[in-house]
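Below is one structure; the comments refer to it alone.
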Amino acid sequence: MSSAVSLALAGGLAATGVVAGTATTAVAAPAVSAAGAGETPVGAQAWTRVSKKNPNRSYWNTVDDLRVGNEGSAEGLSRAYLRLDTTALGGATVSKATFRITNTGAASCTGRPVELWSVGAVSAKTTWKNQPVKGVRLATVTDAKGREGCAAGDLEFDATALVKEAAAASQASVTVGLFAANESDSSAWKRFAPASASLETTIGRPVPPVISSPEFPDASNGAPANTGKARTPGTFTFGTGGATNIEKIVYWSDFEPREVTVAPGAGAVITPTGSGPHMIYAYSVDKAGRRSDQAVYRFWALGNDGVADAAGDLNGDGLRDLWTLDPTGRLRFSAGRPDGTFAPAADAGASFAPGTRIATSGDWTDDGYNDLLVLEPHAGLNRNVLRRVPGNGLGGVRPGGNIVLYVSCPVADPDAGCVNDDPAWTGDDHWSHAEDVAGAGDVNGDGQPDLLVKQGTKLWAYTGSFMGDLDANGGPVLVGDGGWDTVSVLVPGDTDGDGAADLWVRDDASGDLFAVKGAKNAAGHLDPTSWGTAQRVKIGSGLGRTAYPTLVSAGDFDRDGRTDLAAVGADGKAVWFRATATGIDATPRPVG
């Protein structure tokens, strides 16, 4: 159970646990003073009294006690006013405010009522004839102190309503008045020590947001029957629970950890990337900058019924899309259009080191979405690191879930059971000092994507694994040894309809593009070594590496039944080349 303690008027942070709507919250911490726990509360800024017997006299900041009530012929009728500092409370969530002042004298020990009112401003010009306007009565205390038998002591008045209003409006100060409830009763007068006055305020954390969505209803008690599908947008509203002093609301999700700010009570369009349970997290910030407890909204998104996205479809719309790197290493997404063009490139949510190579290579995470492979230089290790970065099914990548791909035998270590007769063998992780990687489709027919690695003069084929172990089904296959250091490779898929994936090879210097037919092995799967021995047939030209550092297996962009080619130019701009009956047209078409 949470607790709260009084705060000095100088400000501070307190909290009480709250449950709002379907949003659950953490248990709050005890309140503490911003200037230090146990600090003396702030006293009155100024004070005065007015006397009916002396109607033109000012008692501004008098050193004498303040008089309240009718003292008969000796002093007559008096009233007291005090100005209290509320600067530090601006925008805060006030849960309680107590005005205290020491009662130093009374007509008797029999309690008589004295009232605390909100009043207008006071100054050195305040007199009986120039009194502030009375507002509302805040509290009444019936007591008497300051005589033999009832020693002087504090009277406490509930000033919560006034201070809440002042905090919400960020008022610098409030003024209160002390009045005898019956100003005709000469036995009801009291005297107060002005220097003893204080305002003690309990400041709580603001109310956590109340989150709701018509498309994705609350799933705290299980998946609702009418919930929406993954990759479809929903409107999520971030209510304030009736609080009026909320400055902003900040939210994030399990599938997008980046914090986003919205206005209090506003809605945000959020698209869950995957199926199954999801959570939206949020907190409120009041106008004093204090943060609420965290709200958690649980919802469920329906899946795609087990149907994986087609190769190269990065957003689930059935069209081929592109991931490219701009000159700064930022990942960019270009959505394919039905007419074969592309939408302008958009940010895809990741940045990589200079010299990074990427490949789109199918679903490496078994969620039905195409993922990104990244070959990135690691300066500290003096080698490359190969990682998979999960796609979010919306054209971007997920910040979490990245894993480093590995092999069981990374070095020649007899103690680990990794033995090879070749003295030049240094392990199965040939990408450590490789120049490029390329998606190979599903080479061995196990339903998982595979990978090509171009290391110097050699080309290697790896079988993929959802677990990240690339030699779990046997070591890498040497496609060919010799001449692969002068070319770029990509796998466009089965371009001739014989059931075996083909290879495209670009001569980096001349810019000529060649097609290499794949062949099947005895098991009916592609034999990647066939790419190393088959004849190369020229299908394009003008694609030198200097002009186009990166080639991309594009798929059928214009939906004419032929596999097209895409590339990233030396200027960092993506283009694509249309396939014809005789090969690849040399005319570059802009992407976006």
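All residue names refer to the structure tokens as shown: chains lettered A, B, ... in order, residues numbered from 1 in each chain, ligands numbered from 1 in order.
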
**Request:** Excluding segment 312-328 of chain A and residues on its chain fewer than 3 positions from it, collect all residues at most 8 Å away from it, counting only C-alpha atoms, and give them as a PyMOL selection string.
**Result:** chain A and resi 309+331-338+342+351+354+358+360-362+369-370+391+393-396+554-557+568+571-574

Pick out the residues sitting within 7 Å of segment 240-252 of chain A, and hand them over as an mmCIF file with N, CA, C and O atoms, in the first residue's frame; count only C-alpha atoms, and ignore anything fewer than 6 positions along from it in its own chain.
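Output below, filename result12.cif:
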data_model
loop_
_atom_site.group_PDB
_atom_site.id
_atom_site.type_symbol
_atom_site.label_atom_id
_atom_site.label_comp_id
_atom_site.auth_asym_id
_atom_site.auth_seq_id
_atom_site.Cartn_x
_atom_site.Cartn_y
_atom_site.Cartn_z
ATOM 1 N N ALA A 20 -6.765 3.297 -12.667
ATOM 2 C CA ALA A 20 -7.665 4.104 -13.495
ATOM 3 C C ALA A 20 -8.118 3.283 -14.683
ATOM 4 O O ALA A 20 -7.310 2.862 -15.489
ATOM 5 N N GLY A 91 1.008 23.814 -11.194
ATOM 6 C CA GLY A 91 0.754 22.644 -12.011
ATOM 7 C C GLY A 91 0.821 21.321 -11.278
ATOM 8 O O GLY A 91 0.631 20.273 -11.874
ATOM 9 N N ALA A 168 -3.499 24.413 -9.925
ATOM 10 C CA ALA A 168 -3.969 24.185 -11.290
ATOM 11 C C ALA A 168 -3.776 25.419 -12.153
ATOM 12 O O ALA A 168 -3.503 25.318 -13.353
ATOM 13 N N VAL A 207 -2.574 11.543 -11.992
ATOM 14 C CA VAL A 207 -3.295 10.314 -12.326
ATOM 15 C C VAL A 207 -2.698 9.672 -13.577
ATOM 16 O O VAL A 207 -2.451 10.367 -14.564
ATOM 17 N N PRO A 209 -2.529 7.722 -17.117
ATOM 18 C CA PRO A 209 -3.467 7.792 -18.248
ATOM 19 C C PRO A 209 -4.466 6.643 -18.222
ATOM 20 O O PRO A 209 -4.181 5.543 -17.748
ATOM 21 N N VAL A 210 -5.649 6.919 -18.744
ATOM 22 C CA VAL A 210 -6.679 5.897 -18.917
ATOM 23 C C VAL A 210 -6.713 5.570 -20.408
ATOM 24 O O VAL A 210 -7.140 6.387 -21.214
ATOM 25 N N ARG A 258 10.192 3.302 -28.572
ATOM 26 C CA ARG A 258 10.453 4.749 -28.628
ATOM 27 C C ARG A 258 9.306 5.518 -27.967
ATOM 28 O O ARG A 258 8.137 5.289 -28.254
ATOM 29 N N GLU A 259 9.641 6.447 -27.072
ATOM 30 C CA GLU A 259 8.616 7.231 -26.382
ATOM 31 C C GLU A 259 8.012 8.280 -27.313
ATOM 32 O O GLU A 259 8.715 8.944 -28.066
ATOM 33 N N VAL A 260 6.686 8.405 -27.249
ATOM 34 C CA VAL A 260 5.937 9.358 -28.069
ATOM 35 C C VAL A 260 5.070 10.199 -27.135
ATOM 36 O O VAL A 260 4.458 9.672 -26.204
ATOM 37 N N THR A 261 5.028 11.494 -27.367
ATOM 38 C CA THR A 261 4.251 12.406 -26.531
ATOM 39 C C THR A 261 2.954 12.806 -27.221
ATOM 40 O O THR A 261 2.955 13.128 -28.415
ATOM 41 N N VAL A 262 1.852 12.760 -26.465
ATOM 42 C CA VAL A 262 0.560 13.208 -26.978
ATOM 43 C C VAL A 262 -0.066 14.164 -25.978
ATOM 44 O O VAL A 262 0.310 14.203 -24.801
ATOM 45 N N ALA A 263 -1.017 14.939 -26.454
ATOM 46 C CA ALA A 263 -1.731 15.865 -25.584
ATOM 47 C C ALA A 263 -2.681 15.101 -24.671
ATOM 48 O O ALA A 263 -3.173 14.020 -25.030
ATOM 49 N N PRO A 264 -2.966 15.630 -23.481
ATOM 50 C CA PRO A 264 -3.900 14.959 -22.576
ATOM 51 C C PRO A 264 -5.253 14.735 -23.237
ATOM 52 O O PRO A 264 -5.819 15.644 -23.851
ATOM 53 N N GLY A 265 -5.750 13.523 -23.147
ATOM 54 C CA GLY A 265 -7.043 13.189 -23.725
ATOM 55 C C GLY A 265 -7.026 12.925 -25.209
ATOM 56 O O GLY A 265 -8.066 12.617 -25.794
ATOM 57 N N ILE A 280 0.622 -1.493 -24.286
ATOM 58 C CA ILE A 280 0.931 -0.075 -24.406
ATOM 59 C C ILE A 280 1.250 0.435 -23.007
ATOM 60 O O ILE A 280 0.488 0.201 -22.066
ATOM 61 N N TYR A 281 2.369 1.128 -22.867
ATOM 62 C CA TYR A 281 2.766 1.712 -21.589
ATOM 63 C C TYR A 281 2.641 3.229 -21.688
ATOM 64 O O TYR A 281 2.913 3.817 -22.748
ATOM 65 N N ALA A 282 2.257 3.881 -20.600
ATOM 66 C CA ALA A 282 2.105 5.338 -20.638
ATOM 67 C C ALA A 282 2.202 5.916 -19.235
ATOM 68 O O ALA A 282 1.956 5.233 -18.236
ATOM 69 N N TYR A 283 2.589 7.178 -19.180
ATOM 70 C CA TYR A 283 2.549 7.924 -17.919
ATOM 71 C C TYR A 283 2.162 9.367 -18.211
ATOM 72 O O TYR A 283 2.357 9.871 -19.331
ATOM 73 N N SER A 284 1.583 10.014 -17.209
ATOM 74 C CA SER A 284 1.194 11.420 -17.317
ATOM 75 C C SER A 284 2.273 12.296 -16.679
ATOM 76 O O SER A 284 2.969 11.869 -15.759
ATOM 77 N N VAL A 285 2.380 13.509 -17.165
ATOM 78 C CA VAL A 285 3.254 14.520 -16.568
ATOM 79 C C VAL A 285 2.400 15.746 -16.291
ATOM 80 O O VAL A 285 1.763 16.278 -17.208
ATOM 81 N N ASP A 286 2.369 16.184 -15.016
ATOM 82 C CA ASP A 286 1.541 17.354 -14.714
ATOM 83 C C ASP A 286 2.293 18.632 -15.039
ATOM 84 O O ASP A 286 3.458 18.613 -15.465
ATOM 85 N N LYS A 287 1.638 19.750 -14.854
ATOM 86 C CA LYS A 287 2.213 21.036 -15.243
ATOM 87 C C LYS A 287 3.393 21.450 -14.380
ATOM 88 O O LYS A 287 4.116 22.387 -14.724
#

**Prompt:** To one decimal place, how far is atom CA of Val389 of chain A from atom CA of Met279 of chain A in Å?
**Reply:**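 Atom CA of Val389 of chain A sits 21.5 Å away from atom CA of Met279 of chain A.
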
**Request:** Identify which of the residues A:Pro590, A:Val176, A:Asp339, A:Glu156 lies closest to Val136 of chain A, counting only C-alpha atoms when measuring atom-to-atom distances.
**Result:**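 Looking at the shortest contact to Val136 of chain A, the residue is A:Val176.
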
**Asked** Can you tell me, as a ChimeraX atom specification, what residues are no more than 7 Å from Ala169 of chain A when counting only C-alpha atoms, ignoring any on the same chain fewer than 3 positions away?
**Response** /A:90-91,165-166

**Request:** DSSP on the backbone, then: every residue of segment 225-474 of chain A marked strand (DSSP E or B), written as a ChimeraX atom specification.
**Result:** /A:229,234-239,246-253,260-262,267-270,276-286,291,295-302,322-325,330-334,336,342,346-351,357-360,372-378,383-389,391,397,403-404,406,436-441,450-455,458-462,469

**Request:** Go through A:Gly153, A:Pro224, A:Gly135, A:Gly427 and flag the residue nearest Gly475 of chain A, using only C-alpha atoms for the distances.
**Result:**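 Closest to Gly475 of chain A of all the choices is A:Gly427.
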
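Those residues that approach Val133 of chain A to within 10 Å, counting only C-alpha atoms, are Ser118, Val119, Gly120, Ala121, Val122 and Gly177 of chain A; same-chain residues fewer than 5 positions away are not listed.
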
Export of the given selection (C-alpha atoms) as a short mmCIF file (atom, residue, chain, number, x, y, z; two decimals), in the first residue's frame:
data_model
loop_
_atom_site.label_atom_id
_atom_site.label_comp_id
_atom_site.auth_asym_id
_atom_site.auth_seq_id
_atom_site.Cartn_x
_atom_site.Cartn_y
_atom_site.Cartn_z
CA SER A 118 -10.35 32.69 0.71
CA VAL A 119 -10.03 36.43 0.13
CA GLY A 120 -8.65 38.91 -2.37
CA ALA A 121 -5.19 40.39 -2.31
CA VAL A 122 -3.92 42.42 0.66
CA GLY A 177 -8.71 35.50 6.07
#

**Message:** With distances taken over only C-alpha atoms, which residue among A:Trp300, A:Phe236, A:Phe179, A:Phe577 lies nearest Leu116 of chain A?
**Reply:** A:Phe179

**Prompt:** Can you list, as a ChimeraX atom specification, every protein, DNA or RNA residue that comes within 10 Å of His378 of chain A when you count only C-alpha atoms, leaving out same-chain residues fewer than 4 positions away?
**Reply:** /A:353,356,382-386,432

**Request:** Kindly give the distance, in Å, that separates atom CA of Thr160 of chain A and atom CA of Ser173 of chain A, rounded to a single decimal.
**Result:**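 Going from atom CA of Thr160 of chain A over to atom CA of Ser173 of chain A covers 14.1 Å.
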
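Omitting Met467 of chain A and its sequence neighbours fewer than 2 positions away, and counting only C-alpha atoms, the residues within 10 Å are Trp364, Thr365, Asp366, Ile403, Leu405, Tyr406, Gly464, Ser465, Asp469, Leu470 and Ala472 of chain A.
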
**Message:** Which residue is closest to Leu452 of chain A? Choose from A:Ala80, A:Ile270, A:Cys150, A:Leu375 and count only C-alpha atoms.
**Reply:**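 Of A:Ala80, A:Ile270, A:Cys150, A:Leu375, the one nearest Leu452 of chain A, counting only C-alpha atoms, is A:Leu375.
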
**Asked** Of the residues A:Pro410, A:Gly349, A:Gly204, A:Pro449, which is the one nearest to Asp471 of chain A, using only C-alpha atoms?
**Response**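 Using only C-alpha atoms, Asp471 of chain A sits closest to A:Pro410.
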
**Those of segment 99-186 of chain A in DSSP alpha helix (DSSP H), formatted as JSON, numbers by chain** = {"A": [160, 161, 162, 163, 164, 165, 166, 167, 168]}

Go ahead and write the residues just picked, all heavy atoms, as a compact mmCIF listing (two decimals), in the first residue's frame.
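Listing of part.txt after writing:
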# COMPACT_ATOMS: atom_id res chain seq x y z
N THR A 160 -7.44 22.63 1.32
CA THR A 160 -7.20 21.83 0.09
C THR A 160 -7.85 22.45 -1.14
O THR A 160 -7.22 22.55 -2.20
CB THR A 160 -7.71 20.40 0.29
OG1 THR A 160 -7.09 19.83 1.44
CG2 THR A 160 -7.41 19.55 -0.93
N ALA A 161 -9.11 22.85 -1.02
CA ALA A 161 -9.82 23.37 -2.20
C ALA A 161 -9.12 24.59 -2.78
O ALA A 161 -8.95 24.71 -4.00
CB ALA A 161 -11.25 23.71 -1.82
N LEU A 162 -8.69 25.50 -1.91
CA LEU A 162 -8.03 26.72 -2.36
C LEU A 162 -6.69 26.41 -3.03
O LEU A 162 -6.37 26.93 -4.10
CB LEU A 162 -7.84 27.67 -1.19
CG LEU A 162 -7.05 28.96 -1.49
CD1 LEU A 162 -7.81 29.83 -2.47
CD2 LEU A 162 -6.75 29.72 -0.19
N VAL A 163 -5.90 25.54 -2.40
CA VAL A 163 -4.55 25.27 -2.92
C VAL A 163 -4.61 24.44 -4.20
O VAL A 163 -3.80 24.62 -5.10
CB VAL A 163 -3.72 24.59 -1.82
CG1 VAL A 163 -2.33 24.22 -2.36
CG2 VAL A 163 -3.59 25.50 -0.61
N LYS A 164 -5.56 23.54 -4.31
CA LYS A 164 -5.73 22.80 -5.56
C LYS A 164 -5.99 23.76 -6.72
O LYS A 164 -5.41 23.63 -7.80
CB LYS A 164 -6.91 21.82 -5.44
CG LYS A 164 -6.56 20.47 -4.86
CD LYS A 164 -7.75 19.52 -4.99
CE LYS A 164 -7.36 18.12 -4.58
NZ LYS A 164 -8.48 17.17 -4.73
N GLU A 165 -6.87 24.70 -6.46
CA GLU A 165 -7.21 25.69 -7.49
C GLU A 165 -6.00 26.53 -7.86
O GLU A 165 -5.75 26.81 -9.04
CB GLU A 165 -8.35 26.56 -6.97
CG GLU A 165 -8.95 27.50 -8.00
CD GLU A 165 -10.12 28.26 -7.43
OE1 GLU A 165 -11.17 27.64 -7.19
OE2 GLU A 165 -9.97 29.47 -7.20
N ALA A 166 -5.23 26.92 -6.85
CA ALA A 166 -4.05 27.74 -7.10
C ALA A 166 -2.99 26.97 -7.88
O ALA A 166 -2.36 27.52 -8.80
CB ALA A 166 -3.47 28.22 -5.77
N ALA A 167 -2.81 25.69 -7.53
CA ALA A 167 -1.82 24.88 -8.24
C ALA A 167 -2.21 24.68 -9.69
O ALA A 167 -1.38 24.75 -10.59
CB ALA A 167 -1.66 23.54 -7.54
N ALA A 168 -3.50 24.41 -9.93
CA ALA A 168 -3.97 24.18 -11.29
C ALA A 168 -3.78 25.42 -12.15
O ALA A 168 -3.50 25.32 -13.35
CB ALA A 168 -5.43 23.76 -11.28

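By chain and then residue number, the residues within 9 Å of Val537 of chain A are Leu513, Phe514, Ala515, Val516 and Lys517 of chain A, counting only C-alpha atoms and disregarding those fewer than 5 positions away in sequence.
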
**Asked** Quick one: distance from atom CA of Trp576 of chain A to atom CA of Thr546 of chain A in Å, one decimal?
**Response**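 Separating atom CA of Trp576 of chain A from atom CA of Thr546 of chain A is a distance of 16.3 Å.
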